[in-house]
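Participant: So here's work-v4.txt, just compact mmCIF, C-alpha atoms:
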# COMPACT_ATOMS: atom_id res chain seq x y z
CA MET Q 1 -18.03 -10.23 14.98
CA ASN Q 2 -14.36 -10.12 13.96
CA ASP Q 3 -14.05 -7.89 10.88
CA VAL Q 4 -10.24 -7.96 10.66
CA VAL Q 5 -9.34 -8.91 7.08
CA LEU Q 6 -5.57 -8.41 7.27
CA GLU Q 7 -3.22 -9.21 10.15
CA VAL Q 8 0.51 -8.57 9.91
CA GLU Q 9 2.69 -9.64 12.84
CA ASP Q 10 6.41 -8.95 13.24
CA LEU Q 11 7.07 -9.10 9.48
CA VAL Q 12 10.74 -9.17 8.49
CA VAL Q 13 11.84 -9.04 4.83
CA GLU Q 14 15.43 -9.23 3.69
CA PHE Q 15 17.22 -9.07 0.33
CA ASP Q 16 20.10 -11.51 -0.06
CA THR Q 17 22.41 -9.03 -1.73
CA ARG Q 18 26.02 -8.31 -0.80
CA PRO Q 19 25.75 -7.16 1.88
CA PRO Q 20 22.19 -8.32 2.78
CA VAL Q 21 19.59 -5.55 3.13
CA ARG Q 22 16.87 -5.89 5.78
CA ALA Q 23 14.15 -3.78 4.15
CA VAL Q 24 11.28 -4.52 6.59
CA ARG Q 25 12.09 -4.88 10.28
CA GLY Q 26 9.37 -6.23 12.53
CA VAL Q 27 6.24 -4.58 11.13
CA SER Q 28 2.87 -5.33 12.76
CA PHE Q 29 -0.58 -3.91 11.96
CA GLN Q 30 -4.18 -4.87 11.25
CA VAL Q 31 -6.75 -3.73 8.71
CA ARG Q 32 -10.50 -4.08 9.17
CA ARG Q 33 -13.21 -4.48 6.56
CA GLY Q 34 -14.16 -1.18 4.97
CA GLU Q 35 -11.12 0.61 6.39
CA ARG Q 36 -8.79 2.85 4.39
CA VAL Q 37 -5.24 2.63 5.71
CA GLY Q 38 -2.43 4.78 4.36
CA ILE Q 39 1.22 3.72 4.45
CA VAL Q 40 3.52 6.72 4.05
CA GLY Q 41 7.23 7.48 4.11
CA GLU Q 42 10.21 8.38 1.96
CA SER Q 43 11.45 6.18 -0.89
CA GLY Q 44 13.24 3.10 0.41
CA CYS Q 45 11.46 3.02 3.78
CA GLY Q 46 9.84 -0.38 3.17
CA LYS Q 47 6.36 0.62 1.97
CA SER Q 48 6.29 -1.22 -1.35
CA VAL Q 49 8.22 -4.23 -0.05
CA THR Q 50 5.58 -4.61 2.67
CA ALA Q 51 2.85 -4.35 0.02
CA MET Q 52 4.43 -7.13 -2.04
CA ALA Q 53 4.75 -9.30 1.06
CA LEU Q 54 1.01 -8.99 1.69
CA LEU Q 55 0.36 -10.85 -1.58
CA GLY Q 56 3.29 -13.26 -1.29
CA LEU Q 57 5.05 -11.50 -4.17
CA VAL Q 58 8.51 -11.04 -2.65
CA ASP Q 59 10.77 -12.75 -5.18
CA PRO Q 60 14.48 -13.64 -4.95
CA PRO Q 61 16.80 -12.16 -3.94
CA GLY Q 62 14.12 -10.98 -1.52
CA ARG Q 63 12.63 -13.30 1.08
CA ILE Q 64 10.36 -13.15 4.10
CA VAL Q 65 12.67 -14.03 6.98
CA SER Q 66 10.03 -14.27 9.69
CA GLY Q 67 6.64 -13.05 10.79
CA SER Q 68 3.08 -13.66 9.72
CA VAL Q 69 0.67 -12.24 7.14
CA ARG Q 70 -2.92 -13.47 7.35
CA VAL Q 71 -5.40 -12.49 4.66
CA ALA Q 72 -9.01 -13.29 5.53
CA GLY Q 73 -7.63 -15.70 8.12
CA VAL Q 74 -5.31 -17.52 5.69
CA GLU Q 75 -1.55 -17.49 6.29
CA VAL Q 76 0.41 -16.08 3.32
CA VAL Q 77 3.94 -16.67 4.64
CA GLY Q 78 5.02 -20.15 3.57
CA ALA Q 79 1.76 -20.86 1.71
CA PRO Q 80 2.08 -23.09 -1.37
CA PRO Q 81 1.84 -21.36 -4.78
CA ARG Q 82 -1.60 -22.82 -5.44
CA GLU Q 83 -3.00 -21.28 -2.25
CA LEU Q 84 -1.40 -17.92 -3.05
CA ARG Q 85 -2.94 -17.91 -6.53
CA ARG Q 86 -6.33 -18.60 -4.98
CA LEU Q 87 -5.95 -15.69 -2.56
CA ARG Q 88 -4.75 -13.19 -5.16
CA GLY Q 89 -7.68 -11.63 -6.93
CA LYS Q 90 -10.21 -13.42 -4.74
CA GLU Q 91 -9.37 -12.18 -1.23
CA ILE Q 92 -6.64 -9.61 -1.90
CA ALA Q 93 -5.77 -7.69 -5.07
CA MET Q 94 -3.24 -5.06 -6.04
CA VAL Q 95 -3.28 -1.90 -8.14
CA PHE Q 96 0.29 -1.15 -9.21
CA GLN Q 97 1.80 2.25 -9.85
CA ASP Q 98 2.30 1.87 -13.60
CA PRO Q 99 -0.58 0.25 -15.53
CA THR Q 100 1.47 0.39 -18.73
CA THR Q 101 3.80 -2.33 -17.46
CA SER Q 102 1.08 -4.20 -15.57
CA LEU Q 103 -1.26 -4.72 -18.53
CA ASN Q 104 -0.31 -7.15 -21.31
CA PRO Q 105 0.09 -5.06 -24.50
CA VAL Q 106 -0.93 -7.89 -26.87
CA PHE Q 107 -4.36 -8.64 -25.36
CA ARG Q 108 -7.49 -6.50 -25.34
CA VAL Q 109 -8.31 -5.09 -21.90
CA GLY Q 110 -11.67 -6.88 -21.78
CA ARG Q 111 -9.90 -10.21 -22.34
CA GLN Q 112 -7.49 -9.48 -19.49
CA ILE Q 113 -10.32 -8.71 -17.05
CA ALA Q 114 -12.25 -11.77 -18.23
CA ASP Q 115 -9.21 -13.98 -17.60
CA VAL Q 116 -9.12 -12.82 -13.97
CA LEU Q 117 -12.79 -13.75 -13.63
CA ALA Q 118 -12.32 -17.11 -15.35
CA TYR Q 119 -9.42 -18.11 -13.11
CA HIS Q 120 -11.68 -17.78 -10.06
CA GLY Q 121 -14.60 -19.60 -11.68
CA TRP Q 122 -16.86 -16.68 -12.53
CA GLY Q 123 -19.59 -18.09 -14.80
CA ASP Q 124 -19.46 -18.89 -18.51
CA PRO Q 125 -17.91 -16.72 -21.26
CA ARG Q 126 -21.14 -14.77 -21.85
CA THR Q 127 -21.56 -14.06 -18.14
CA ARG Q 128 -17.95 -12.94 -17.89
CA ALA Q 129 -18.31 -10.63 -20.91
CA ALA Q 130 -21.27 -8.93 -19.27
CA ARG Q 131 -19.35 -8.64 -16.02
CA VAL Q 132 -16.41 -6.99 -17.84
CA VAL Q 133 -18.70 -4.31 -19.26
CA GLU Q 134 -20.29 -3.81 -15.84
CA LEU Q 135 -16.87 -3.38 -14.20
CA LEU Q 136 -15.64 -0.91 -16.81
CA ARG Q 137 -18.81 1.11 -16.41
CA ARG Q 138 -18.44 0.99 -12.62
CA VAL Q 139 -14.94 2.47 -12.75
CA GLY Q 140 -16.16 5.31 -14.95
CA ILE Q 141 -14.93 4.29 -18.40
CA PRO Q 142 -17.26 5.71 -21.08
CA ASP Q 143 -18.62 3.43 -23.79
CA PRO Q 144 -17.44 0.30 -21.92
CA GLU Q 145 -18.53 -2.13 -24.64
CA ARG Q 146 -16.15 -0.49 -27.12
CA ARG Q 147 -13.35 0.09 -24.59
CA ALA Q 148 -13.39 -3.59 -23.66
CA ARG Q 149 -12.20 -4.33 -27.20
CA ALA Q 150 -9.33 -1.82 -27.00
CA TYR Q 151 -5.67 -2.64 -26.46
CA PRO Q 152 -3.89 -0.94 -23.55
CA HIS Q 153 -1.96 1.46 -25.81
CA GLU Q 154 -5.27 2.77 -27.20
CA LEU Q 155 -6.30 4.06 -23.76
CA SER Q 156 -5.08 7.09 -21.83
CA GLY Q 157 -3.03 6.65 -18.64
CA GLY Q 158 -6.06 7.42 -16.50
CA MET Q 159 -8.19 4.88 -18.33
CA ARG Q 160 -5.48 2.22 -18.04
CA GLN Q 161 -5.39 2.80 -14.29
CA ARG Q 162 -9.19 2.44 -14.19
CA VAL Q 163 -8.83 -0.88 -16.02
CA MET Q 164 -6.35 -1.98 -13.35
CA ILE Q 165 -8.86 -1.07 -10.64
CA ALA Q 166 -11.59 -2.96 -12.52
CA MET Q 167 -9.34 -6.04 -12.57
CA ALA Q 168 -8.58 -5.62 -8.86
CA ILE Q 169 -12.25 -5.48 -7.83
CA ALA Q 170 -13.52 -8.04 -10.38
CA ASN Q 171 -13.88 -10.84 -7.82
CA GLU Q 172 -14.92 -8.52 -4.96
CA PRO Q 173 -11.84 -9.08 -2.77
CA ALA Q 174 -11.77 -8.22 0.91
CA ILE Q 175 -8.68 -6.01 0.44
CA VAL Q 176 -7.25 -3.89 -2.36
CA VAL Q 177 -3.62 -2.79 -2.04
CA ALA Q 178 -2.95 0.37 -4.07
CA ASP Q 179 0.76 1.10 -4.47
CA GLU Q 180 1.26 4.73 -5.57
CA PRO Q 181 -1.72 4.41 -7.98
CA THR Q 182 -1.88 8.12 -8.91
CA THR Q 183 1.81 9.03 -9.20
CA ALA Q 184 1.95 9.23 -13.01
CA LEU Q 185 -1.45 10.94 -13.41
CA ASP Q 186 -2.32 14.61 -13.70
CA VAL Q 187 -4.16 16.32 -10.86
CA THR Q 188 -7.63 16.02 -12.41
CA VAL Q 189 -7.32 12.30 -13.15
CA GLU Q 190 -5.72 11.74 -9.73
CA ALA Q 191 -8.81 13.23 -8.06
CA GLN Q 192 -11.07 10.95 -10.09
CA ILE Q 193 -9.06 7.84 -9.12
CA LEU Q 194 -9.15 8.81 -5.44
CA LEU Q 195 -12.92 9.30 -5.63
CA LEU Q 196 -13.24 5.91 -7.30
CA LEU Q 197 -11.33 4.19 -4.47
CA ASP Q 198 -13.49 6.00 -1.93
CA GLU Q 199 -16.66 4.81 -3.66
CA LEU Q 200 -15.28 1.26 -3.69
CA VAL Q 201 -15.02 1.29 0.10
CA GLU Q 202 -18.46 2.82 0.59
CA ARG Q 203 -20.17 0.44 -1.83
CA SER Q 204 -18.51 -2.88 -1.06
CA ARG Q 205 -16.82 -2.38 2.34
CA THR Q 206 -13.60 -3.45 0.67
CA ALA Q 207 -10.57 -2.48 2.74
CA VAL Q 208 -7.96 -0.36 0.96
CA VAL Q 209 -4.27 -0.23 1.86
CA PHE Q 210 -3.08 2.93 0.13
CA ILE Q 211 0.68 3.34 -0.25
CA SER Q 212 2.12 6.74 -1.06
CA HIS Q 213 4.95 9.16 -0.37
CA ASP Q 214 2.43 12.02 -0.78
CA LEU Q 215 0.73 12.85 2.52
CA ARG Q 216 -1.56 15.32 0.78
CA VAL Q 217 -3.07 12.48 -1.26
CA VAL Q 218 -3.28 10.19 1.77
CA SER Q 219 -5.17 12.89 3.68
CA GLU Q 220 -7.91 12.78 1.04
CA VAL Q 221 -8.54 9.04 0.98
CA CYS Q 222 -7.54 7.36 4.28
CA ASP Q 223 -9.01 6.86 7.75
CA ARG Q 224 -5.83 5.67 9.43
CA VAL Q 225 -2.14 6.12 8.70
CA LEU Q 226 1.06 4.13 9.27
CA VAL Q 227 4.29 6.13 9.04
CA PHE Q 228 7.24 4.01 7.89
CA TYR Q 229 10.90 4.83 8.43
CA ALA Q 230 13.90 2.55 7.85
CA GLY Q 231 11.70 -0.53 7.52
CA ARG Q 232 9.72 0.13 10.70
CA ILE Q 233 6.47 1.76 11.72
CA VAL Q 234 7.37 4.85 13.75
CA GLU Q 235 3.84 6.23 14.17
CA GLU Q 236 0.33 4.86 13.73
CA GLY Q 237 -3.13 6.20 14.42
CA ASP Q 238 -6.31 7.79 13.10
CA LEU Q 239 -5.32 10.05 10.25
CA ALA Q 240 -7.03 13.15 11.66
CA GLU Q 241 -5.30 12.73 15.01
CA VAL Q 242 -1.85 11.99 13.59
CA PHE Q 243 -2.01 14.89 11.15
CA ALA Q 244 -3.32 17.32 13.78
CA ALA Q 245 -0.89 16.27 16.55
CA PRO Q 246 2.02 14.18 15.19
CA ARG Q 247 4.13 12.66 17.96
CA HIS Q 248 7.18 11.47 16.03
CA PRO Q 249 9.72 14.02 14.70
CA TYR Q 250 9.81 12.24 11.35
CA THR Q 251 6.04 12.52 10.95
CA ARG Q 252 6.23 16.22 11.78
CA ALA Q 253 8.94 16.71 9.17
CA LEU Q 254 6.93 14.88 6.50
CA LEU Q 255 3.81 16.93 7.25
CA SER Q 256 5.77 20.16 7.20
CA LEU Q 257 7.07 19.39 3.73
CA ALA Q 258 3.73 18.14 2.42
CA PHE Q 259 1.66 21.15 3.46
CA SER Q 260 4.19 24.00 3.55
CA GLY Q 261 3.94 24.76 -0.15
CA ARG Q 262 7.65 24.18 -0.64
CA GLU Q 263 8.89 22.79 -3.92
CA ALA Q 264 8.85 19.03 -4.46
CA ARG Q 265 12.65 18.87 -4.43
CA SER Q 266 12.70 19.96 -0.78
CA SER Q 267 13.56 17.15 1.61
CA ILE Q 268 14.33 16.37 5.23
CA PRO Q 269 17.99 17.17 6.03
CA GLY Q 270 20.23 14.14 6.20
CA ALA Q 271 19.68 10.68 4.75
CA PRO Q 272 17.97 7.46 5.88
CA PRO Q 273 20.23 4.84 7.47
CA ASP Q 274 21.99 2.08 5.58
CA LEU Q 275 19.66 -0.92 5.92
CA SER Q 276 22.48 -3.35 5.25
CA ARG Q 277 23.82 -2.57 8.73
CA PRO Q 278 22.38 -3.28 12.20
CA LEU Q 279 20.52 -0.29 13.63
CA ALA Q 280 21.28 0.62 17.23
CA GLY Q 281 18.91 3.03 18.89
CA CYS Q 282 16.37 5.14 17.03
CA PRO Q 283 16.96 5.00 13.26
CA PHE Q 284 15.87 8.64 12.89
CA ALA Q 285 18.26 9.95 15.55
CA PRO Q 286 20.98 11.22 13.16
CA ARG Q 287 18.41 13.49 11.45
CA CYS Q 288 16.50 14.55 14.58
CA ASP Q 289 16.88 17.96 16.22
CA ARG Q 290 15.74 16.46 19.55
CA ARG Q 291 18.35 13.73 19.61
CA ALA Q 292 19.56 12.66 23.07
CA GLU Q 293 22.10 10.11 24.26
CA ARG Q 294 19.41 7.49 24.90
CA CYS Q 295 18.25 7.78 21.29
CA ASP Q 296 21.60 6.41 20.11
CA ARG Q 297 21.55 3.46 22.52
CA GLU Q 298 18.00 2.12 22.73
CA PRO Q 299 15.42 1.64 19.96
CA PRO Q 300 12.08 3.11 21.09
CA LEU Q 301 9.03 0.86 20.81
CA LEU Q 302 5.67 1.80 19.34
CA GLY Q 303 3.80 1.24 22.58
CA ASP Q 304 0.08 0.61 22.93
CA GLY Q 305 -3.13 2.51 22.30
CA GLY Q 306 -4.90 3.95 19.29
CA HIS Q 307 -2.20 6.53 18.56
CA ARG Q 308 1.18 4.80 18.81
CA PHE Q 309 4.61 6.31 18.26
CA ALA Q 310 8.23 5.25 18.73
CA CYS Q 311 10.05 8.22 20.25
CA TRP Q 312 11.83 8.57 23.61
CA TYR Q 313 11.46 12.36 23.63
CA GLU Q 314 7.72 12.34 23.05
CA GLU Q 315 7.18 9.49 25.51
CA ALA Q 316 8.76 11.57 28.25
CA SER Q 317 6.93 14.79 27.36
Transcribe the structure of this file into structure tokens.
Facilitator:
Amino acid sequence: MNDVVLEVEDLVVEFDTRPPVRAVRGVSFQVRRGERVGIVGESGCGKSVTAMALLGLVDPPGRIVSGSVRVAGVEVVGAPPRELRRLRGKEIAMVFQDPTTSLNPVFRVGRQIADVLAYHGWGDPRTRAARVVELLRRVGIPDPERRARAYPHELSGGMRQRVMIAMAIANEPAIVVADEPTTALDVTVEAQILLLLDELVERSRTAVVFISHDLRVVSEVCDRVLVFYAGRIVEEGDLAEVFAAPRHPYTRALLSLAFSGREARSSIPGAPPDLSRPLAGCPFAPRCDRRAERCDREPPLLGDGGHRFACWYEEAS
């Protein structure tokens, strides 16, 4: 039985600015039902743009130049708006980083969840009202009947994020994409949100694509990890294997920063490449202490197997 719920093949996303910026450069990966996949990397590496492309939410001046995104077997790239609206919320849903800007401030949170249910034909108003209370209770919001009547500003940041998760899982989608969902939360609430996402997978076998710059958080919630750099995947594999034996110098640098106890302002020396220019060779070469002449000439490929990496040095070792 094929349990692949998301297939991305050679995805290319560009922004028609001056000069044009190619933010995603030939990304390919799959996600299976019940799997928790982390996408990690520095700001500007293409994580969030990829996430938006999964739901067909890349708006001008951005555009998907080429490639394929299939959600539950349905092609997203080039799909008409009506088909995209059917997919969103039903087969794939998203939890954004900031629930304050994602929730409508003039409507009660219960109404906003009920509208998501109504759009996809979930019962009559009474049935939807009961479902709203059930969802709020499921995501750990106390006194859900009363909270359903609250406006977003009357809830804490953690509760607003729980409302966003309730909306995302309302129609039991095959995939939930969570884009930095705990960034603005304190450590205690962050732990609760991560536990909630974990329970979602265990209970419903919903796949989760978890996007974060924080490898510590990813290590707590994911089974597999994709490491992005300059719009490409430079390493992919089971999280335990990648974290225990990283094969790409960039992955090693990220892990060193994440678990060394250094201050948050610490960073990898150098800067990512300018994505408005063609990239010859390995995009990480200028920042790599193992840089060789070949690295400047030829872009390394990910290769095959369960643990893939794009590095000439590691391939030869």
Participant: What is the CA of Glu75 in chain Q to CA of Thr101 in chain Q distance in Å?
Facilitator: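 Computed distance, CA of Glu75 in chain Q to CA of Thr101 in chain Q, equals 28.7 Å.
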Participant: Between Q:Glu42, Q:Glu14, Q:Glu9, Q:Asp124, which residue has the minimum interatomic distance to Ser267 in chain Q, considering all atoms listed in the file?
Facilitator: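 The answer is Q:Glu42, which sits nearest to Ser267 in chain Q.
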Participant: Can you list, as a ChimeraX atom specification, every protein, DNA or RNA residue that comes within 6 Å of range 203-209 of chain Q when you count only C-alpha atoms, leaving out same-chain residues fewer than 3 positions away?
Facilitator: /Q:33-38,174-177,199-200
Participant: Show me, as a list in words, the residues that have an atom within 8 Å of range 171-173 of chain Q when counting only C-alpha atoms, minus same-chain residues fewer than 6 positions from it.
Facilitator: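 Everything that qualifies: Gly89, Lys90, Glu91, Ile92, Ala93, Leu117, His120, Ser204 and Thr206 of chain Q.
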Participant: Can you tell me, as an mmCIF file with C-alpha atoms, keeping the file's coordinate frame, what residues are no more than 7 Å from range 16-28 of chain Q when counting all atoms listed in the file, ignoring any on the same chain fewer than 5 positions away?
Facilitator:
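Listing of part.cif after writing:
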data_model
loop_
_atom_site.group_PDB
_atom_site.id
_atom_site.type_symbol
_atom_site.label_atom_id
_atom_site.label_comp_id
_atom_site.auth_asym_id
_atom_site.auth_seq_id
_atom_site.Cartn_x
_atom_site.Cartn_y
_atom_site.Cartn_z
ATOM 1 C CA VAL Q 8 0.510 -8.570 9.910
ATOM 2 C CA GLU Q 9 2.690 -9.640 12.840
ATOM 3 C CA ASP Q 10 6.410 -8.950 13.240
ATOM 4 C CA LEU Q 11 7.070 -9.100 9.480
ATOM 5 C CA GLY Q 46 9.840 -0.380 3.170
ATOM 6 C CA THR Q 50 5.580 -4.610 2.670
ATOM 7 C CA PRO Q 61 16.800 -12.160 -3.940
ATOM 8 C CA GLY Q 62 14.120 -10.980 -1.520
ATOM 9 C CA GLY Q 231 11.700 -0.530 7.520
ATOM 10 C CA ARG Q 232 9.720 0.130 10.700
ATOM 11 C CA ILE Q 233 6.470 1.760 11.720
ATOM 12 C CA LEU Q 275 19.660 -0.920 5.920
ATOM 13 C CA SER Q 276 22.480 -3.350 5.250
#
Participant: Enumerate, as a PyMOL selection string, the protein, DNA and RNA residues whose atoms approach (-6.1, -13.9, 5.3) to within 12 Å, taking into account all atoms listed in the file and the coordinate frame of the file.
Facilitator: chain Q and resi 3-8+30-33+54-56+68-77+79+83-84+86-88+90-92+173-175
Participant: Between Q:Gly305, Q:Pro300, Q:Pro273, Q:Pro181, which one has atoms that come closest to Thr100 in chain Q, using only C-alpha atoms?
Facilitator: Q:Pro181
Participant: Extract range 100-116 of chain Q from the coordinates I pasted, and write it as a CSV table (one decimal), in the first residue's frame (atoms kept: N, CA and C atoms).
Facilitator:
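Contents of the output file selection.csv:
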chain,number,residue,atom,x,y,z
Q,100,THR,N,-1.4,35.7,15.8
Q,100,THR,CA,-2.1,37.0,16.0
Q,100,THR,C,-2.4,37.6,14.6
Q,101,THR,N,-1.6,37.4,13.6
Q,101,THR,CA,-1.9,37.9,12.3
Q,101,THR,C,-2.7,36.9,11.4
Q,102,SER,N,-2.7,35.7,11.9
Q,102,SER,CA,-3.4,34.6,11.1
Q,102,SER,C,-4.9,34.5,11.5
Q,103,LEU,N,-5.3,34.9,12.7
Q,103,LEU,CA,-6.7,34.9,13.1
Q,103,LEU,C,-7.3,36.3,12.9
Q,104,ASN,N,-8.6,36.2,12.5
Q,104,ASN,CA,-9.3,37.5,12.2
Q,104,ASN,C,-9.7,38.1,13.5
Q,105,PRO,N,-9.3,39.3,13.8
Q,105,PRO,CA,-9.5,39.9,15.1
Q,105,PRO,C,-11.0,40.3,15.4
Q,106,VAL,N,-11.8,40.3,14.4
Q,106,VAL,CA,-13.2,40.8,14.6
Q,106,VAL,C,-14.2,39.6,14.7
Q,107,PHE,N,-13.7,38.4,14.6
Q,107,PHE,CA,-14.6,37.2,14.7
Q,107,PHE,C,-14.2,36.4,15.9
Q,108,ARG,N,-15.2,35.8,16.6
Q,108,ARG,CA,-14.9,34.9,17.7
Q,108,ARG,C,-14.1,33.7,17.2
Q,109,VAL,N,-13.3,33.1,18.0
Q,109,VAL,CA,-12.4,31.9,17.5
Q,109,VAL,C,-13.3,30.7,17.1
Q,110,GLY,N,-14.4,30.5,17.8
Q,110,GLY,CA,-15.3,29.4,17.5
Q,110,GLY,C,-15.9,29.6,16.1
Q,111,ARG,N,-16.3,30.8,15.8
Q,111,ARG,CA,-16.8,31.1,14.4
Q,111,ARG,C,-15.8,30.8,13.4
Q,112,GLN,N,-14.5,31.2,13.6
Q,112,GLN,CA,-13.5,31.0,12.6
Q,112,GLN,C,-13.2,29.5,12.4
Q,113,ILE,N,-13.2,28.7,13.4
Q,113,ILE,CA,-13.1,27.2,13.2
Q,113,ILE,C,-14.3,26.7,12.5
Q,114,ALA,N,-15.5,27.1,12.9
Q,114,ALA,CA,-16.7,26.6,12.3
Q,114,ALA,C,-16.8,26.9,10.8
Q,115,ASP,N,-16.2,28.1,10.4
Q,115,ASP,CA,-16.2,28.5,9.0
Q,115,ASP,C,-15.3,27.5,8.2
Q,116,VAL,N,-14.2,27.0,8.8
Q,116,VAL,CA,-13.4,26.1,8.1
Q,116,VAL,C,-14.1,24.8,7.9
